[in-house]
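Peer 1: My structure is stored as target.pdb, with PDB, C-alpha atoms.
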```pdb
MODEL        1
ATOM      1  CA  MET A   1      24.909  35.937 -10.689
ATOM      2  CA  THR A   2      23.238  32.720  -9.573
ATOM      3  CA  TYR A   3      20.194  32.704  -7.343
ATOM      4  CA  GLU A   4      19.397  29.723  -5.169
ATOM      5  CA  VAL A   5      15.741  29.062  -4.389
ATOM      6  CA  GLN A   6      15.020  26.592  -1.603
ATOM      7  CA  LEU A   7      11.672  24.819  -1.587
ATOM      8  CA  THR A   8      10.653  23.192   1.675
ATOM      9  CA  GLY A   9       7.924  20.837   2.878
ATOM     10  CA  ASP A  10       5.082  19.730   0.636
ATOM     11  CA  VAL A  11       5.055  21.519  -2.729
ATOM     12  CA  ASP A  12       1.497  20.916  -3.897
ATOM     13  CA  LEU A  13      -1.321  22.848  -5.542
ATOM     14  CA  SER A  14      -1.835  24.914  -2.385
ATOM     15  CA  CYS A  15       1.595  26.541  -2.654
ATOM     16  CA  SER A  16       3.066  25.709  -6.062
ATOM     17  CA  PRO A  17       1.847  29.040  -7.515
ATOM     18  CA  GLU A  18       4.127  30.835  -5.035
ATOM     19  CA  ALA A  19       7.054  28.587  -5.907
ATOM     20  CA  ARG A  20       6.428  29.283  -9.576
ATOM     21  CA  GLN A  21       6.314  33.023  -8.930
ATOM     22  CA  VAL A  22       9.630  33.045  -7.072
ATOM     23  CA  ILE A  23      11.418  30.901  -9.669
ATOM     24  CA  LEU A  24      10.160  32.966 -12.603
ATOM     25  CA  ALA A  25      10.968  36.227 -10.797
ATOM     26  CA  CYS A  26      14.602  35.174 -10.353
ATOM     27  CA  LEU A  27      14.903  34.240 -14.004
ATOM     28  CA  GLY A  28      12.975  37.327 -15.053
ATOM     29  CA  ARG A  29      15.695  39.453 -13.455
ATOM     30  CA  GLY A  30      18.230  37.714 -15.677
ATOM     31  CA  HIS A  31      19.775  35.446 -13.033
ATOM     32  CA  HIS A  32      20.874  31.857 -13.376
ATOM     33  CA  THR A  33      18.693  29.951 -10.932
ATOM     34  CA  LEU A  34      19.201  26.772  -8.935
ATOM     35  CA  VAL A  35      16.349  25.169  -7.019
ATOM     36  CA  ASP A  36      17.283  23.291  -3.855
ATOM     37  CA  LEU A  37      14.903  20.383  -3.268
ATOM     38  CA  SER A  38      16.697  18.814  -0.299
ATOM     39  CA  LYS A  39      13.911  19.715   2.134
ATOM     40  CA  VAL A  40      10.982  18.812  -0.103
ATOM     41  CA  THR A  41       8.819  16.143   1.516
ATOM     42  CA  TYR A  42       6.286  15.890  -1.311
ATOM     43  CA  ILE A  43       5.913  17.437  -4.759
ATOM     44  CA  ASP A  44       2.999  16.983  -7.121
ATOM     45  CA  SER A  45       2.503  17.653 -10.816
ATOM     46  CA  SER A  46       1.801  21.341 -10.220
ATOM     47  CA  GLY A  47       5.120  21.667  -8.394
ATOM     48  CA  VAL A  48       6.926  19.838 -11.182
ATOM     49  CA  ALA A  49       5.198  22.036 -13.746
ATOM     50  CA  SER A  50       6.626  25.111 -11.963
ATOM     51  CA  LEU A  51      10.075  23.639 -12.432
ATOM     52  CA  VAL A  52       9.333  22.950 -16.088
ATOM     53  CA  GLU A  53       8.230  26.547 -16.624
ATOM     54  CA  GLY A  54      11.464  27.716 -15.026
ATOM     55  CA  PHE A  55      13.461  25.444 -17.300
ATOM     56  CA  GLN A  56      11.617  26.691 -20.375
ATOM     57  CA  MET A  57      12.052  30.350 -19.421
ATOM     58  CA  ALA A  58      15.754  29.860 -18.681
ATOM     59  CA  LYS A  59      16.219  28.235 -22.070
ATOM     60  CA  LYS A  60      14.563  31.188 -23.820
ATOM     61  CA  LYS A  61      16.684  33.705 -21.901
ATOM     62  CA  GLU A  62      19.858  31.614 -22.260
ATOM     63  CA  LEU A  63      20.221  31.282 -18.499
ATOM     64  CA  HIS A  64      21.121  28.236 -16.468
ATOM     65  CA  PHE A  65      18.366  26.508 -14.512
ATOM     66  CA  GLY A  66      19.023  23.417 -12.475
ATOM     67  CA  LEU A  67      18.040  21.404  -9.437
ATOM     68  CA  ILE A  68      20.345  20.762  -6.508
ATOM     69  CA  ASP A  69      20.337  18.166  -3.726
ATOM     70  CA  VAL A  70      17.042  16.591  -4.776
ATOM     71  CA  SER A  71      15.334  14.636  -1.987
ATOM     72  CA  GLU A  72      14.433  11.002  -2.627
ATOM     73  CA  VAL A  73      10.725  11.782  -2.578
ATOM     74  CA  ALA A  74      11.129  14.592  -5.119
ATOM     75  CA  MET A  75      13.378  12.488  -7.327
ATOM     76  CA  ASN A  76      10.777   9.700  -7.483
ATOM     77  CA  VAL A  77       8.233  12.163  -8.848
ATOM     78  CA  ILE A  78      10.695  13.770 -11.278
ATOM     79  CA  GLU A  79      11.558  10.292 -12.591
ATOM     80  CA  LEU A  80       7.843   9.495 -12.897
ATOM     81  CA  ALA A  81       7.534  12.598 -15.067
ATOM     82  CA  ARG A  82      10.555  11.386 -17.075
ATOM     83  CA  LEU A  83      12.254  14.695 -16.429
ATOM     84  CA  ASP A  84      15.328  13.313 -14.673
ATOM     85  CA  LYS A  85      17.085  13.327 -18.045
ATOM     86  CA  VAL A  86      15.873  16.829 -18.870
ATOM     87  CA  PHE A  87      16.616  18.941 -15.806
ATOM     88  CA  PRO A  88      20.284  19.544 -14.963
ATOM     89  CA  ILE A  89      20.572  17.973 -11.505
ATOM     90  CA  HIS A  90      23.542  18.707  -9.246
ATOM     91  CA  ALA A  91      24.545  17.346  -5.855
ATOM     92  CA  ASP A  92      25.074  20.865  -4.522
ATOM     93  CA  VAL A  93      25.979  24.400  -5.592
ATOM     94  CA  ARG A  94      29.711  23.624  -5.600
ATOM     95  CA  ALA A  95      29.133  20.731  -8.008
ATOM     96  CA  ARG A  96      27.214  23.094 -10.259
ATOM     97  CA  LEU A  97      30.031  25.676 -10.243
ATOM     98  CA  GLU A  98      32.624  22.970 -10.867
ATOM     99  CA  ALA A  99      30.608  21.777 -13.836
ATOM    100  CA  ASP A 100      31.115  25.210 -15.352
ATOM    101  CA  GLY A 101      34.873  24.797 -15.050
TER     102      GLY A 101
ATOM    103  CA  MET B   1     -16.982 -14.135  -4.539
ATOM    104  CA  THR B   2     -14.510 -11.475  -3.361
ATOM    105  CA  SER B   3     -15.505  -9.428  -0.344
ATOM    106  CA  LYS B   4     -15.151  -5.663  -0.512
ATOM    107  CA  LYS B   5     -13.817  -3.942   2.583
ATOM    108  CA  ARG B   6     -14.084  -0.160   2.887
ATOM    109  CA  ILE B   7     -10.766   1.205   4.087
ATOM    110  CA  LEU B   8     -11.379   4.924   3.922
ATOM    111  CA  GLU B   9     -14.221   7.319   3.260
ATOM    112  CA  LEU B  10     -13.523  11.047   3.260
ATOM    113  CA  ARG B  11     -15.574  14.088   2.342
ATOM    114  CA  PHE B  12     -13.724  17.340   1.937
ATOM    115  CA  SER B  13     -13.919  20.663   0.188
ATOM    116  CA  SER B  14     -12.309  21.384  -3.154
ATOM    117  CA  ASP B  15      -9.718  23.594  -1.457
ATOM    118  CA  PRO B  16      -6.082  22.795  -2.339
ATOM    119  CA  LYS B  17      -5.234  23.282   1.349
ATOM    120  CA  ARG B  18      -7.100  20.016   2.032
ATOM    121  CA  LEU B  19      -4.711  17.981  -0.145
ATOM    122  CA  LYS B  20      -2.190  17.404   2.634
ATOM    123  CA  MET B  21      -4.875  16.031   4.931
ATOM    124  CA  VAL B  22      -6.041  13.721   2.143
ATOM    125  CA  ARG B  23      -2.515  12.433   1.512
ATOM    126  CA  ASP B  24      -1.988  11.806   5.220
ATOM    127  CA  GLU B  25      -5.284   9.911   5.514
ATOM    128  CA  VAL B  26      -4.466   7.768   2.474
ATOM    129  CA  GLN B  27      -1.026   7.006   3.879
ATOM    130  CA  GLN B  28      -2.461   5.925   7.223
ATOM    131  CA  SER B  29      -5.242   3.773   5.829
ATOM    132  CA  ILE B  30      -3.214   2.079   3.056
ATOM    133  CA  GLY B  31      -0.294   1.667   5.419
ATOM    134  CA  ARG B  32      -2.449  -0.657   7.539
ATOM    135  CA  LEU B  33      -2.709  -3.123   4.634
ATOM    136  CA  LYS B  34       0.918  -4.235   5.038
ATOM    137  CA  CYS B  35       1.779  -3.511   1.424
ATOM    138  CA  THR B  36       4.985  -2.151  -0.042
ATOM    139  CA  LYS B  37       6.174   1.442   0.435
ATOM    140  CA  LYS B  38       6.016   1.872  -3.322
ATOM    141  CA  LEU B  39       2.356   0.905  -3.397
ATOM    142  CA  VAL B  40       1.556   3.408  -0.682
ATOM    143  CA  SER B  41       3.519   6.088  -2.525
ATOM    144  CA  ASP B  42       1.793   5.274  -5.843
ATOM    145  CA  LEU B  43      -1.643   5.521  -4.273
ATOM    146  CA  ILE B  44      -0.852   8.819  -2.597
ATOM    147  CA  ILE B  45       0.348  10.231  -5.910
ATOM    148  CA  ALA B  46      -2.685   8.984  -7.831
ATOM    149  CA  VAL B  47      -5.222  10.219  -5.270
ATOM    150  CA  ASN B  48      -3.501  13.607  -4.943
ATOM    151  CA  GLU B  49      -3.386  14.131  -8.707
ATOM    152  CA  ALA B  50      -6.984  13.041  -9.149
ATOM    153  CA  CYS B  51      -8.138  15.447  -6.433
ATOM    154  CA  MET B  52      -6.136  18.246  -8.025
ATOM    155  CA  ASN B  53      -7.784  17.590 -11.370
ATOM    156  CA  ILE B  54     -11.207  17.778  -9.750
ATOM    157  CA  MET B  55     -10.334  21.059  -8.037
ATOM    158  CA  VAL B  56      -8.888  22.642 -11.171
ATOM    159  CA  HIS B  57     -10.969  21.195 -14.009
ATOM    160  CA  ALA B  58     -14.278  20.108 -12.488
ATOM    161  CA  TYR B  59     -14.755  22.849  -9.901
ATOM    162  CA  LYS B  60     -12.595  25.325 -11.856
ATOM    163  CA  GLY B  61     -10.937  26.691  -8.742
ATOM    164  CA  ASP B  62     -14.129  27.043  -6.705
ATOM    165  CA  ARG B  63     -13.127  25.988  -3.184
ATOM    166  CA  SER B  64     -16.664  25.387  -1.958
ATOM    167  CA  GLY B  65     -17.234  22.194  -3.915
ATOM    168  CA  GLU B  66     -17.420  18.771  -2.303
ATOM    169  CA  ILE B  67     -15.246  15.789  -3.090
ATOM    170  CA  VAL B  68     -15.884  12.276  -1.815
ATOM    171  CA  LEU B  69     -13.041   9.776  -1.628
ATOM    172  CA  GLU B  70     -13.692   6.087  -1.046
ATOM    173  CA  ILE B  71     -10.971   3.476  -0.897
ATOM    174  CA  SER B  72     -11.776  -0.227  -0.672
ATOM    175  CA  ASP B  73      -9.842  -3.459  -0.531
ATOM    176  CA  ASN B  74     -11.419  -5.885  -2.994
ATOM    177  CA  GLY B  75      -9.304  -8.830  -1.885
ATOM    178  CA  GLY B  76      -5.951  -8.118  -3.516
ATOM    179  CA  GLU B  77      -7.112  -5.093  -5.481
ATOM    180  CA  ILE B  78      -7.383  -1.570  -4.129
ATOM    181  CA  GLU B  79     -10.239   0.438  -5.560
ATOM    182  CA  VAL B  80     -10.261   4.243  -5.360
ATOM    183  CA  VAL B  81     -13.438   6.107  -6.212
ATOM    184  CA  LEU B  82     -13.553   9.895  -6.344
ATOM    185  CA  THR B  83     -16.857  11.663  -6.765
ATOM    186  CA  ASP B  84     -17.522  15.333  -7.378
ATOM    187  CA  PHE B  85     -20.755  17.257  -7.891
ATOM    188  CA  ALA B  86     -19.550  19.759 -10.447
ATOM    189  CA  ASP B  87     -20.855  20.061 -13.997
ATOM    190  CA  PRO B  88     -20.154  16.945 -16.058
ATOM    191  CA  ILE B  89     -16.706  17.125 -17.618
ATOM    192  CA  ASP B  90     -16.189  16.490 -21.298
ATOM    193  CA  LEU B  91     -14.803  12.961 -21.181
ATOM    194  CA  ARG B  92     -13.212  13.445 -24.599
ATOM    195  CA  SER B  93     -11.090  16.312 -23.310
ATOM    196  CA  ILE B  94      -9.196  14.239 -20.753
ATOM    197  CA  ASP B  95      -5.504  14.193 -21.664
ATOM    198  CA  PRO B  96      -4.425  11.056 -23.508
ATOM    199  CA  ILE B  97      -2.286   8.531 -21.745
ATOM    200  CA  GLY B  98       1.431   8.604 -22.243
ATOM    201  CA  SER B  99       4.285  11.037 -22.206
ATOM    202  CA  ARG B 100       3.804  14.574 -23.390
ATOM    203  CA  GLU B 101       6.011  17.007 -25.221
ATOM    204  CA  LEU B 102       7.859  19.249 -22.774
ATOM    205  CA  ASP B 103       6.500  22.388 -24.441
ATOM    206  CA  HIS B 104       2.931  21.308 -23.738
ATOM    207  CA  LEU B 105       3.358  20.908 -19.993
ATOM    208  CA  ARG B 106       1.196  23.143 -17.811
ATOM    209  CA  PRO B 107       0.157  23.010 -14.156
ATOM    210  CA  GLY B 108      -1.922  19.836 -13.965
ATOM    211  CA  GLY B 109      -0.808  18.703 -17.395
ATOM    212  CA  LEU B 110       1.219  15.893 -15.885
ATOM    213  CA  GLY B 111      -1.548  14.789 -13.534
ATOM    214  CA  THR B 112      -3.231  12.270 -15.815
ATOM    215  CA  HIS B 113       0.161  10.863 -16.782
ATOM    216  CA  PHE B 114       1.013  10.321 -13.091
ATOM    217  CA  MET B 115      -2.320   8.610 -12.496
ATOM    218  CA  LYS B 116      -1.871   6.271 -15.445
ATOM    219  CA  GLU B 117       1.709   5.468 -14.439
ATOM    220  CA  THR B 118       0.826   4.591 -10.831
ATOM    221  CA  MET B 119      -2.523   2.823 -11.184
ATOM    222  CA  ASP B 120      -3.583  -0.238 -13.197
ATOM    223  CA  GLU B 121      -6.851   1.254 -14.413
ATOM    224  CA  CYS B 122      -8.480   4.695 -14.478
ATOM    225  CA  ALA B 123     -12.002   5.238 -15.732
ATOM    226  CA  TYR B 124     -14.164   8.375 -15.754
ATOM    227  CA  ALA B 125     -17.935   8.504 -15.865
ATOM    228  CA  HIS B 126     -20.736  10.949 -15.185
ATOM    229  CA  LEU B 127     -23.023  10.632 -12.205
ATOM    230  CA  LYS B 128     -26.618   9.708 -12.908
ATOM    231  CA  ASP B 129     -28.653  12.686 -14.109
ATOM    232  CA  ASN B 130     -25.359  14.459 -14.933
ATOM    233  CA  HIS B 131     -25.020  15.837 -11.422
ATOM    234  CA  GLY B 132     -21.314  15.205 -11.185
ATOM    235  CA  ASN B 133     -18.408  13.000 -12.132
ATOM    236  CA  VAL B 134     -16.934   9.749 -10.878
ATOM    237  CA  LEU B 135     -13.378   8.546 -11.269
ATOM    238  CA  ARG B 136     -12.583   4.918 -10.481
ATOM    239  CA  MET B 137      -8.983   3.728 -10.212
ATOM    240  CA  THR B 138      -7.741   0.285  -9.299
ATOM    241  CA  LYS B 139      -4.422  -1.264  -8.383
ATOM    242  CA  ARG B 140      -3.607  -4.888  -7.652
ATOM    243  CA  PHE B 141      -1.375  -5.607  -4.706
ATOM    244  CA  VAL B 142       0.080  -8.523  -2.808
ATOM    245  CA  SER B 143      -0.104  -8.196   0.942
TER     246      SER B 143
ENDMDL
END
```
Written as structure tokens, how would this file's structure read?

Peer 2:
Amino acid sequence: MTYEVQLTGDVDLSCSPEARQVILACLGRGHHTLVDLSKVTYIDSSGVASLVEGFQMAKKKELHFGLIDVSEVAMNVIELARLDKVFPIHADVRARLEADG
Amino acid sequence: MTSKKRILELRFSSDPKRLKMVRDEVQQSIGRLKCTKKLVSDLIIAVNEACMNIMVHAYKGDRSGEIVLEISDNGGEIEVVLTDFADPIDLRSIDPIGSRELDHLRPGGLGTHFMKETMDECAYAHLKDNHGNVLRMTKRFVS
């Protein structure tokens, strides 16, 4: 089963701990997890670090973790972190499912 | 002799909930300089990350600390100065510049990297009498 987590608004130090908690909880239950960043208006290093932790946990548990529909603002920051080549990034959920074949 | 024009001066608490207000103020004040969108974005990122580092590493999560932000236009160069009144940080412990191994990333671990990538210079110092820390960042721009 794949869970979709949608982050909205500014994902900064004031709320990134909650985002981290939700992402890790989904993976902790053994679910593939996709994070929708289409409605993110700002994301800082703490928000990106939450995504990194999700990616690392998914790797350990052999689950899929990816980003979908990344907003321009979020993509700029992910590129700044040089993680655009690390995270699987999909246009939408359908694209992710099609990638699986 | 280049004149220095103060663009913004803000005092705020070391509460992460204040970060959005800080970003909005930086956007408004830098936006008035008629510089590129990228420059505005870079400055917002650098200031936000620097404030986060102060909140997490200098004040260690204490939300009652004070942070002072001053932004000036030094005639083609933007200067950002952030001052805190926490215990002096160990300047040797500041993360080195450059990319980091993925396994070593932690909340805030990317912050210094973002600051170095977006600004021309970043320099830390202690306040006189070791009563706090000062971070000075600069970025050249063409109006």

Peer 1: Output as a ChimeraX atom specification the set of chain A residues within 6 Å of chain B, with distances taken over all atoms listed in the file.

Peer 2: /A:13-14,45-46,49

Peer 1: Just need the box for segment 125-137 of chain B, edges along x, y and z, holding every atom the file lists for it with 4 Å tacked onto each side, so centre and edge lengths in Å to one decimal, as lines of an AutoDock Vina configuration file.

Peer 2:
```
center_x = -18.8
center_y = 9.8
center_z = -13.0
size_x = 27.7
size_y = 20.1
size_z = 13.7
```

Peer 1: Given the PyMOL selection byres ((chain A and resi 69) around 12) and the file above, list the residues it selects as a PyMOL selection string.

Peer 2: chain A and resi 4-7+34-40+66-68+70-75+88-96

Peer 1: Mind pulling up the distance from atom CA of Val47 of chain B to atom CA of Leu127 of chain B?

Peer 2: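 Interatomic distance here is 19.1 Å.
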
Peer 1: Using the chain letters and numbers from this file, what does the PyMOL selection byres ((chain A and resi 20-29) around 7) select? Give the answer as JSON, numbers by chain.

Peer 2: {"A": [3, 16, 17, 18, 19, 30, 31, 32, 33, 50, 54, 58]}

Peer 1: Could you work out how far atom CA of Cys51 of chain B lies from atom CA of Gly75 of chain B, giving the answer in Å with one decimal?

Peer 2: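 Between atom CA of Gly75 of chain B and atom CA of Cys51 of chain B the gap is 24.7 Å.
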
Peer 1: Taking (-21.8, 11.9, -11.4) in the file's own coordinates, collect the residues within 10 Å, counting all atoms listed in the file, and hand them back as a count of residues only.

Peer 2: 20

Peer 1: Name the residues that the PyMOL selection byres ((chain B and resi 70) around 12) picks from the file above, as a PDB file with C-alpha atoms, in the frame of the given file, using the file's chain letters and numbers.

Peer 2:
```pdb
ATOM      1  CA  LYS B   4     -15.151  -5.663  -0.512  1.00  0.00           C
ATOM      2  CA  LYS B   5     -13.817  -3.942   2.583  1.00  0.00           C
ATOM      3  CA  ARG B   6     -14.084  -0.160   2.887  1.00  0.00           C
ATOM      4  CA  ILE B   7     -10.766   1.205   4.087  1.00  0.00           C
ATOM      5  CA  LEU B   8     -11.379   4.924   3.922  1.00  0.00           C
ATOM      6  CA  GLU B   9     -14.221   7.319   3.260  1.00  0.00           C
ATOM      7  CA  LEU B  10     -13.523  11.047   3.260  1.00  0.00           C
ATOM      8  CA  ARG B  11     -15.574  14.088   2.342  1.00  0.00           C
ATOM      9  CA  PHE B  12     -13.724  17.340   1.937  1.00  0.00           C
ATOM     10  CA  VAL B  22      -6.041  13.721   2.143  1.00  0.00           C
ATOM     11  CA  GLU B  25      -5.284   9.911   5.514  1.00  0.00           C
ATOM     12  CA  VAL B  26      -4.466   7.768   2.474  1.00  0.00           C
ATOM     13  CA  SER B  29      -5.242   3.773   5.829  1.00  0.00           C
ATOM     14  CA  ILE B  30      -3.214   2.079   3.056  1.00  0.00           C
ATOM     15  CA  VAL B  47      -5.222  10.219  -5.270  1.00  0.00           C
ATOM     16  CA  ILE B  67     -15.246  15.789  -3.090  1.00  0.00           C
ATOM     17  CA  VAL B  68     -15.884  12.276  -1.815  1.00  0.00           C
ATOM     18  CA  LEU B  69     -13.041   9.776  -1.628  1.00  0.00           C
ATOM     19  CA  ILE B  71     -10.971   3.476  -0.897  1.00  0.00           C
ATOM     20  CA  SER B  72     -11.776  -0.227  -0.672  1.00  0.00           C
ATOM     21  CA  ASP B  73      -9.842  -3.459  -0.531  1.00  0.00           C
ATOM     22  CA  ILE B  78      -7.383  -1.570  -4.129  1.00  0.00           C
ATOM     23  CA  GLU B  79     -10.239   0.438  -5.560  1.00  0.00           C
ATOM     24  CA  VAL B  80     -10.261   4.243  -5.360  1.00  0.00           C
ATOM     25  CA  VAL B  81     -13.438   6.107  -6.212  1.00  0.00           C
ATOM     26  CA  LEU B  82     -13.553   9.895  -6.344  1.00  0.00           C
ATOM     27  CA  THR B  83     -16.857  11.663  -6.765  1.00  0.00           C
ATOM     28  CA  ASP B  84     -17.522  15.333  -7.378  1.00  0.00           C
ATOM     29  CA  VAL B 134     -16.934   9.749 -10.878  1.00  0.00           C
ATOM     30  CA  LEU B 135     -13.378   8.546 -11.269  1.00  0.00           C
ATOM     31  CA  ARG B 136     -12.583   4.918 -10.481  1.00  0.00           C
ATOM     32  CA  MET B 137      -8.983   3.728 -10.212  1.00  0.00           C
ATOM     33  CA  THR B 138      -7.741   0.285  -9.299  1.00  0.00           C
TER      34      THR B 138
END
```
